[in-house]
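Shown next: my_file.txt, containing compact mmCIF, C-alpha atoms.
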```txt
# COMPACT_ATOMS: atom_id res chain seq x y z
CA MET A 1 221.81 54.79 168.83
CA THR A 2 220.90 56.27 172.20
CA ILE A 3 217.22 57.17 172.54
CA ARG A 4 216.30 60.03 174.82
CA ALA A 5 213.79 59.17 177.53
CA SER A 6 211.18 61.48 175.99
CA SER A 7 211.61 59.87 172.57
CA ALA A 8 211.49 56.38 174.05
CA LYS A 9 208.21 57.18 175.80
CA GLN A 10 206.71 58.55 172.59
CA ILE A 11 207.83 55.48 170.65
CA ASP A 12 206.38 53.16 173.29
CA THR A 13 203.04 54.98 173.09
CA LEU A 14 202.96 54.76 169.29
CA VAL A 15 203.93 51.08 169.31
CA ALA A 16 201.10 50.46 171.77
CA ASP A 17 198.76 52.09 169.23
CA LEU A 18 199.99 49.61 166.61
CA CYS A 19 198.80 46.82 168.84
CA ALA A 20 195.43 48.41 169.55
CA GLY A 21 192.30 47.46 167.68
CA ASN A 22 191.64 50.98 166.39
CA ALA A 23 192.58 51.19 162.69
CA ILE A 24 192.67 54.99 162.72
CA ALA A 25 195.08 55.09 165.67
CA ARG A 26 197.18 52.39 164.04
CA ASP A 27 197.53 54.29 160.74
CA ALA A 28 198.42 57.50 162.56
CA ALA A 29 201.03 55.64 164.61
CA ILE A 30 202.61 54.17 161.47
CA ALA A 31 202.93 57.64 159.97
CA ARG A 32 204.49 59.13 163.11
CA LEU A 33 206.87 56.21 163.62
CA THR A 34 207.99 56.63 160.01
CA VAL A 35 208.87 60.25 160.69
CA ILE A 36 210.74 59.24 163.87
CA GLY A 37 212.72 56.83 161.69
CA SER A 38 215.69 54.77 162.85
CA ARG A 39 215.10 55.51 166.54
CA ALA A 40 211.92 53.42 166.37
CA VAL A 41 213.39 50.41 164.56
CA ALA A 42 214.35 48.32 167.60
CA ARG A 43 210.87 48.58 169.14
CA LEU A 44 209.19 47.84 165.80
CA LEU A 45 211.32 44.73 165.35
CA THR A 46 210.23 43.57 168.80
CA VAL A 47 206.61 43.66 167.61
CA VAL A 48 207.44 41.88 164.35
CA GLU A 49 209.30 39.08 166.11
CA SER A 50 206.78 38.73 168.95
CA GLY A 51 203.58 36.76 169.19
CA SER A 52 201.52 39.90 168.55
CA ASP A 53 198.41 39.61 166.43
CA GLN A 54 198.43 39.85 162.65
CA PHE A 55 197.36 43.49 162.51
CA ALA A 56 200.10 44.67 164.87
CA ARG A 57 202.83 42.77 163.03
CA VAL A 58 201.68 43.98 159.62
CA ALA A 59 201.52 47.56 160.92
CA ALA A 60 205.04 47.32 162.34
CA LEU A 61 206.30 45.93 159.02
CA ARG A 62 204.64 48.77 157.12
CA ALA A 63 206.48 51.26 159.30
CA LEU A 64 209.77 49.41 158.81
CA GLU A 65 209.21 49.36 155.04
CA ALA A 66 208.81 53.12 155.03
CA ILE A 67 211.82 53.73 157.28
CA GLY A 68 214.15 51.51 155.23
CA ASP A 69 216.66 50.80 158.01
CA PRO A 70 219.08 47.93 157.18
CA ARG A 71 218.43 46.32 160.57
CA ALA A 72 215.01 45.28 159.28
CA LEU A 73 216.28 43.12 156.41
CA ASP A 74 217.24 39.90 158.22
CA PRO A 75 214.11 39.82 160.41
CA ALA A 76 211.97 40.49 157.34
CA LEU A 77 213.63 37.64 155.46
CA ASP A 78 212.85 35.36 158.40
CA VAL A 79 209.25 36.55 158.67
CA MET A 80 208.63 35.82 154.98
CA ALA A 81 208.42 32.21 156.14
CA ALA A 82 205.49 33.05 158.45
CA SER A 83 202.37 30.95 158.08
CA ASP A 84 200.26 34.11 158.04
CA ALA A 85 200.15 35.28 154.43
CA ALA A 86 199.44 38.92 155.31
CA VAL A 87 202.45 39.11 157.65
CA ALA A 88 204.72 37.33 155.17
CA THR A 89 203.60 39.63 152.34
CA ALA A 90 204.24 42.74 154.45
CA ALA A 91 207.72 41.34 155.16
CA ALA A 92 208.34 40.89 151.42
CA ARG A 93 207.62 44.59 150.93
CA VAL A 94 210.23 45.41 153.56
CA VAL A 95 212.77 43.25 151.72
CA ARG A 96 211.90 45.05 148.48
CA ALA A 97 213.57 48.20 149.81
CA PHE A 98 216.95 46.42 149.81
CA VAL A 99 217.11 44.78 146.37
CA ARG A 100 219.38 47.57 145.08
CA GLY A 101 221.47 48.27 148.19
CA PRO A 102 224.69 46.88 149.64
CA ARG A 103 222.83 43.76 150.80
CA SER A 104 221.00 43.19 147.54
CA ALA A 105 222.29 39.60 147.26
CA SER A 106 220.51 38.54 150.46
CA ALA A 107 217.32 40.40 149.52
CA VAL A 108 217.24 39.03 145.97
CA ASP A 109 217.99 35.46 147.06
CA GLY A 110 215.20 35.52 149.65
CA LEU A 111 212.65 36.99 147.25
CA THR A 112 213.62 34.63 144.43
CA SER A 113 213.21 31.63 146.70
CA VAL A 114 209.69 32.78 147.62
CA ALA A 115 208.73 33.59 144.04
CA LEU A 116 209.72 30.12 142.83
CA ASP A 117 208.14 28.16 145.69
CA PRO A 118 204.73 26.78 144.62
CA SER A 119 203.87 25.95 148.24
CA ARG A 120 203.83 29.63 149.24
CA PRO A 121 200.62 31.73 149.11
CA GLU A 122 200.01 33.33 145.72
CA VAL A 123 199.73 36.82 147.21
CA LEU A 124 203.20 36.43 148.72
CA ARG A 125 204.73 35.10 145.51
CA VAL A 126 203.26 38.00 143.55
CA ALA A 127 204.66 40.48 146.10
CA ALA A 128 208.08 38.86 145.67
CA ILE A 129 207.84 39.15 141.87
CA GLN A 130 206.88 42.81 142.13
CA ALA A 131 209.81 43.43 144.45
CA LEU A 132 212.25 41.74 142.08
CA ARG A 133 211.06 43.99 139.25
CA GLU A 134 213.02 46.74 141.00
CA LEU A 135 216.07 45.12 139.39
CA GLU A 136 217.22 45.84 135.85
CA ALA A 137 215.00 44.16 133.28
CA ALA A 138 217.85 42.01 131.95
CA THR A 139 218.66 40.77 135.45
CA VAL A 140 215.17 39.61 136.32
CA ALA A 141 214.25 38.37 132.82
CA PRO A 142 215.34 34.69 133.31
CA LEU A 143 213.29 34.40 136.51
CA LEU A 144 210.21 35.92 134.90
CA ALA A 145 210.59 33.63 131.91
CA SER A 146 210.60 30.63 134.24
CA LEU A 147 207.56 31.85 136.16
CA ARG A 148 205.53 32.34 132.98
CA ALA A 149 205.20 28.55 132.95
CA ASP A 150 204.19 28.33 136.62
CA SER A 151 201.22 26.18 137.63
CA SER A 152 199.49 29.22 139.19
CA SER A 153 197.64 31.45 136.73
CA THR A 154 198.03 34.37 139.16
CA VAL A 155 201.80 33.95 139.27
CA ARG A 156 201.95 33.54 135.48
CA ALA A 157 200.04 36.80 135.08
CA ALA A 158 202.36 38.64 137.48
CA ALA A 159 205.42 37.34 135.64
CA SER A 160 203.95 38.27 132.26
CA ALA A 161 202.84 41.80 133.18
CA ASP A 162 204.41 44.44 130.99
CA ASP A 163 207.07 46.43 132.84
CA SER A 164 207.07 49.90 131.31
CA ARG A 165 209.06 51.73 133.98
CA ALA A 166 211.87 52.72 131.61
CA PRO A 167 213.71 55.74 132.97
CA ARG A 168 213.15 59.06 131.24
CA PRO A 169 215.90 61.51 130.36
CA THR A 170 214.89 63.89 133.16
CA ARG A 171 214.30 61.23 135.80
CA GLU A 172 217.29 62.17 137.97
CA HIS A 173 216.26 65.82 137.94
CA ALA A 174 212.67 64.99 138.84
CA VAL A 175 213.72 62.70 141.69
CA GLY A 176 216.04 65.41 143.01
CA VAL A 177 213.25 67.99 142.94
CA LEU A 178 210.87 65.65 144.76
CA ARG A 179 213.41 64.86 147.45
CA ALA A 180 214.05 68.55 147.91
CA ALA A 181 210.30 69.07 148.22
CA ALA A 182 210.27 66.50 151.01
CA ASP A 183 213.26 67.92 152.87
CA THR A 184 213.74 71.62 152.25
CA SER A 185 211.92 73.43 149.51
CA LEU A 186 208.64 73.49 147.59
CA SER A 187 210.46 75.61 145.05
CA VAL A 188 208.74 74.53 141.82
CA ASP A 189 205.24 75.46 140.74
CA PRO A 190 202.48 73.07 141.82
CA ALA A 191 201.64 71.92 138.29
CA THR A 192 205.25 70.82 137.68
CA LEU A 193 205.45 69.13 141.07
CA ARG A 194 202.22 67.26 140.40
CA ARG A 195 203.52 66.00 137.04
CA MET A 196 206.77 64.85 138.63
CA LEU A 197 204.87 62.95 141.30
CA GLY A 198 202.78 61.25 138.65
CA ARG A 199 205.86 60.25 136.67
CA GLU A 200 208.44 59.47 139.34
CA GLY A 201 206.47 58.95 142.55
CA GLY A 202 207.34 55.27 142.38
CA SER A 203 211.05 56.10 142.69
CA ILE A 204 210.77 58.17 145.85
CA PRO A 205 211.21 56.61 149.31
CA LEU A 206 207.89 56.26 151.12
CA PRO A 207 208.93 58.59 154.01
CA ASP A 208 209.69 61.31 151.43
CA LEU A 209 206.23 60.95 149.91
CA LEU A 210 204.71 61.22 153.37
CA ARG A 211 206.73 64.36 154.07
CA ILE A 212 205.57 65.85 150.77
CA VAL A 213 201.96 65.25 151.83
CA GLU A 214 202.58 67.00 155.15
CA ARG A 215 204.61 69.90 153.71
CA VAL A 216 202.09 70.56 150.95
CA ARG A 217 199.27 70.56 153.46
CA GLU A 218 201.14 73.18 155.48
CA ARG A 219 201.61 75.19 152.29
CA GLU A 220 197.89 75.03 151.50
CA ALA A 221 197.09 76.59 154.88
CA VAL A 222 199.02 79.78 154.07
CA GLU A 223 198.06 80.14 150.40
CA PRO A 224 195.25 82.46 149.30
CA ALA A 225 192.06 80.65 148.37
CA ALA A 226 192.67 81.21 144.65
CA ARG A 227 195.89 79.14 144.76
CA ARG A 228 194.98 76.62 147.40
CA ALA A 229 193.32 74.26 144.93
CA GLU A 230 196.56 73.97 142.92
CA TRP A 231 198.42 72.68 145.96
CA ILE A 232 195.62 70.30 146.94
CA THR A 233 196.11 68.56 143.58
CA VAL A 234 199.80 68.12 144.45
CA ARG A 235 198.91 66.52 147.77
CA ALA A 236 196.42 64.27 146.00
CA ALA A 237 199.12 63.18 143.52
CA ALA A 238 201.42 62.27 146.44
CA HIS A 239 198.59 60.25 147.98
CA LEU A 240 198.09 58.38 144.71
CA ALA A 241 201.83 57.66 144.46
CA LEU A 242 201.69 56.14 147.95
CA ALA A 243 198.55 54.14 147.19
CA GLN A 244 199.99 52.74 143.98
CA ARG A 245 202.70 51.21 146.15
CA ASP A 246 200.04 49.76 148.46
CA SER A 247 201.00 52.15 151.26
CA ARG A 248 198.49 53.43 153.80
CA LEU A 249 201.03 55.73 155.45
CA ALA A 250 199.05 58.89 154.75
CA LEU A 251 195.54 57.45 154.86
CA TYR A 252 194.90 59.48 158.02
CA ASP A 253 195.38 62.66 155.97
CA ILE A 254 192.73 61.64 153.43
CA ARG A 255 190.29 60.92 156.26
CA GLU A 256 190.95 64.33 157.79
CA SER A 257 190.57 65.99 154.38
CA LEU A 258 187.20 64.31 153.86
CA GLU A 259 186.04 65.39 157.30
CA ALA A 260 186.95 69.01 156.56
CA ALA A 261 185.98 69.15 152.86
CA VAL A 262 183.54 71.87 151.83
CA THR A 263 184.26 71.38 148.10
CA PRO A 264 185.06 68.23 146.10
CA LEU A 265 188.56 66.83 146.56
CA PRO A 266 190.77 65.99 143.56
CA VAL A 267 190.15 62.79 141.65
CA ASP A 268 193.61 61.46 142.56
CA MET A 269 192.62 61.46 146.22
CA LEU A 270 189.58 59.32 145.48
CA ALA A 271 191.73 57.06 143.31
CA ALA A 272 194.09 56.60 146.26
CA LEU A 273 191.12 55.77 148.49
CA SER A 274 189.85 53.20 146.00
CA LEU A 275 193.25 51.46 146.12
CA VAL A 276 194.05 51.48 149.84
CA GLY A 277 191.03 52.86 151.67
CA ASP A 278 189.65 50.70 154.46
CA GLN A 279 186.66 50.66 156.77
CA SER A 280 188.17 53.43 158.91
CA CYS A 281 187.49 55.84 156.00
CA LEU A 282 183.81 55.08 155.52
CA GLU A 283 182.30 57.40 158.15
CA ALA A 284 184.35 60.34 156.85
CA MET A 285 183.13 59.54 153.33
CA ALA A 286 179.52 59.32 154.49
CA SER A 287 179.90 62.68 156.25
CA ALA A 288 181.34 64.30 153.12
CA TYR A 289 178.51 62.81 151.06
CA ALA A 290 175.90 64.13 153.48
CA ARG A 291 177.31 67.68 153.44
CA SER A 292 177.70 68.02 149.69
CA LYS A 293 175.14 69.03 147.09
CA ASP A 294 177.55 68.45 144.20
CA THR A 295 176.14 65.55 142.17
CA TRP A 296 179.44 64.60 140.54
CA TRP A 297 181.25 64.52 143.89
CA ARG A 298 178.51 62.52 145.58
CA ASP A 299 178.52 59.97 142.77
CA ARG A 300 182.31 59.56 142.97
CA LEU A 301 182.16 59.24 146.75
CA ALA A 302 179.43 56.62 146.46
CA ASP A 303 181.39 54.58 143.91
CA THR A 304 184.53 54.65 146.05
CA PHE A 305 182.56 53.89 149.23
CA ARG A 306 181.00 50.83 147.61
CA ALA A 307 184.35 49.61 146.31
CA ILE A 308 185.89 49.80 149.79
CA ALA A 309 182.89 48.19 151.46
CA SER A 310 183.03 45.35 148.95
CA ARG A 311 186.78 44.85 149.39
CA GLU A 312 186.39 44.86 153.19
CA GLN A 313 183.50 42.37 152.88
CA LEU A 314 181.26 44.43 155.13
CA THR A 315 177.70 43.43 155.90
CA ARG A 316 174.93 45.50 157.42
CA ARG A 317 175.72 43.92 160.78
CA HIS A 318 179.11 45.61 160.92
CA ALA A 319 179.38 48.32 163.61
CA ILE A 320 180.54 51.00 161.15
CA VAL A 321 177.66 50.28 158.78
CA LYS A 322 175.19 50.47 161.68
CA ARG A 323 176.64 53.82 162.82
CA ILE A 324 176.37 55.28 159.32
CA GLU A 325 172.79 54.15 158.89
CA LYS A 326 171.84 55.47 162.31
CA ARG A 327 173.49 58.88 161.88
CA TRP A 328 172.69 59.50 158.19
CA LYS A 329 169.63 57.42 157.35
CA GLN A 330 169.21 58.59 153.75
CA VAL A 331 172.95 58.62 153.16
CA GLY A 332 173.17 55.07 154.43
CA HIS A 333 170.42 54.08 152.01
CA ASP A 334 172.14 55.84 149.09
CA LEU A 335 175.56 54.37 149.78
CA LEU A 336 174.65 50.87 150.88
CA SER A 337 171.46 49.78 149.13
CA THR A 338 172.53 49.79 145.48
CA ARG A 339 175.89 49.40 143.87
CA PRO A 340 176.30 50.37 140.21
CA GLY A 341 178.99 48.68 138.18
CA GLY A 342 178.46 45.16 139.40
CA HIS A 343 178.54 45.66 143.18
CA GLY A 344 175.38 44.41 144.83
CA PRO A 345 173.84 45.71 148.05
CA LEU A 346 175.34 44.80 151.39
CA THR A 347 173.98 41.60 152.81
CA ARG A 348 172.46 41.21 156.22
```

Exercise: express the given structure as structure tokens:
Amino acid sequence: MTIRASSAKQIDTLVADLCAGNAIARDAAIARLTVIGSRAVARLLTVVESGSDQFARVAALRALEAIGDPRALDPALDVMAASDAAVATAAARVVRAFVRGPRSASAVDGLTSVALDPSRPEVLRVAAIQALRELEAATVAPLLASLRADSSSTVRAAASADDSRAPRPTREHAVGVLRAAADTSLSVDPATLRRMLGREGGSIPLPDLLRIVERVREREAVEPAARRAEWITVRAAAHLALAQRDSRLALYDIRESLEAAVTPLPVDMLAALSLVGDQSCLEAMASAYARSKDTWWRDRLADTFRAIASREQLTRRHAIVKRIEKRWKQVGHDLLSTRPGGHGPLTR
């Protein structure tokens, strides 16, 4: 595919952002590269196959996962052998996109080999098992049965997890409506669209979910205030569908929503943050907490903030924590000093 000079320059700029240390710029670049699609694949593969740092390679693989271009399969299969567990796991998620396509044999063989190999990191083996669950239950059953006797308790648990993704009678219709919402038309009412996202969001390609987030946000901007909240819940459901697949593609949108929020955001948006939020979200959360007088919203923000800070293993010496405490002294105290539900205060 020929890439116009203007497109090539834009892609180069976004790829440079992937390699930068700024998590916010990196997430935004992943989202924009996903929208660009196949034109960006060659440059993304260059990053994956290079000696770039872990964060850049993982970011490039996340973009390739969302794009779903067949050119990414062989490099991803190779990268699953990487010594870096985070890079190898991101590669496994790229391979997952191909377990049902024309090259399913290669994808399934590679994932099966990883799942069965006790020398591989547990997180990678679990990712491979989750990817193989995209197959029909009868197809993957013998492998799962074997892994239920694995020496790793984590792998045994992943192989034993109940798979309740049985298709519903209206699944094809729901998937069609969601794809139309991504491409052409938000033609159904927001309540129906939200239910479909909750039920079938796991069946929709990641770029389509990202486009739904962006299209719904555009729709919110032109709706009267009385109806805007209905569409925000749709956008939140799309965010949760992305987060449940461990995708940070639209994390930038949650950050921007927190920065602009004058009323509490839907619970699904906080649930998405609790799953995939990272340290780049914490200042926006602190700002939203500082502006709000809604006790319920502040409590939910605090709980989610603490969960992210704990997952990111932040201490009070971290630059983001210092900025929050300097800018919002009381907020910093509220969010960082105590942690209900088993999370202790940040250490020095």

Note to self: Taking only C-alpha atoms into account, name the residue in A:Glu230, A:Glu220, A:Glu214, A:Asp246 that is nearest to A:Asp189.
What the structure shows: A:Glu230

Checklist line | Near-A:Ile129 list (8 Å; only C-alpha atoms; drop same-chain fewer than 2 positions) as an NGL selection string | finding: :A and (111-112 or 115 or 125-127 or 131-133 or 158-159)

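For the pair atom CA of A:Val79 and atom CA of A:Arg43, the interatomic distance is 16.0 Å.
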
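Between A:Ile320 and the residues A:Ala286, A:Ile308, A:Ala271, A:Gln279, the shortest atom-to-atom distance, using all atoms listed in the file, involves A:Gln279.
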
Notebook entry, point to check: Please, what distance in Å, to one decimal, runs between atom CA of A:Val175 and atom CA of A:Ser203?
Noted result: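 Rounded to one decimal, the two atoms are 7.2 Å apart.
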
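The shell of residues at most 9 Å from A:Ala229, with only C-alpha atoms counted and near chain neighbours (fewer than 5 positions) removed, consists of Glu220, Val234, Leu265 and Pro266 of chain A.
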
Got time to write the residues from that selection, C-alpha atoms, as a compact mmCIF listing (two decimals), in the frame of the given file?
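What landed in selection_2.txt:
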```txt
# COMPACT_ATOMS: atom_id res chain seq x y z
CA GLU A 220 197.89 75.03 151.50
CA VAL A 234 199.80 68.12 144.45
CA LEU A 265 188.56 66.83 146.56
CA PRO A 266 190.77 65.99 143.56
```

Item checked: Cut-off 12 Å around (189.1, 67.0, 152.5) with only C-alpha atoms: residues as a ChimeraX atom specification -> /A:217,220,229,232-233,235-236,251-267,269-270,281,284-285,287-289,291-292,297,301

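Of the residues under consideration (A:Arg317, A:Arg306, A:Arg62, A:Lys329), A:Arg62 shows the shortest atom-to-atom contact distance to A:Leu18 when counting all atoms listed in the file.
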
Checklist line | Atom pair atom CA of A:Ser160 / atom CA of A:Gly68: separation (Å) | finding: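 Atom CA of A:Gly68 lies 28.4 Å from atom CA of A:Ser160.
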
What are the centre and the three edge lengths of an axis-aligned box that wraps all atoms of stretch 139-148 of chain A in the file, given that 5 Å is added to every side, written as AutoDock Vina command-line options and rounded to one decimal in Å?
```
--center_x 212.1 --center_y 35.7 --center_z 134.2 --size_x 23.1 --size_y 20.1 --size_z 14.6
```
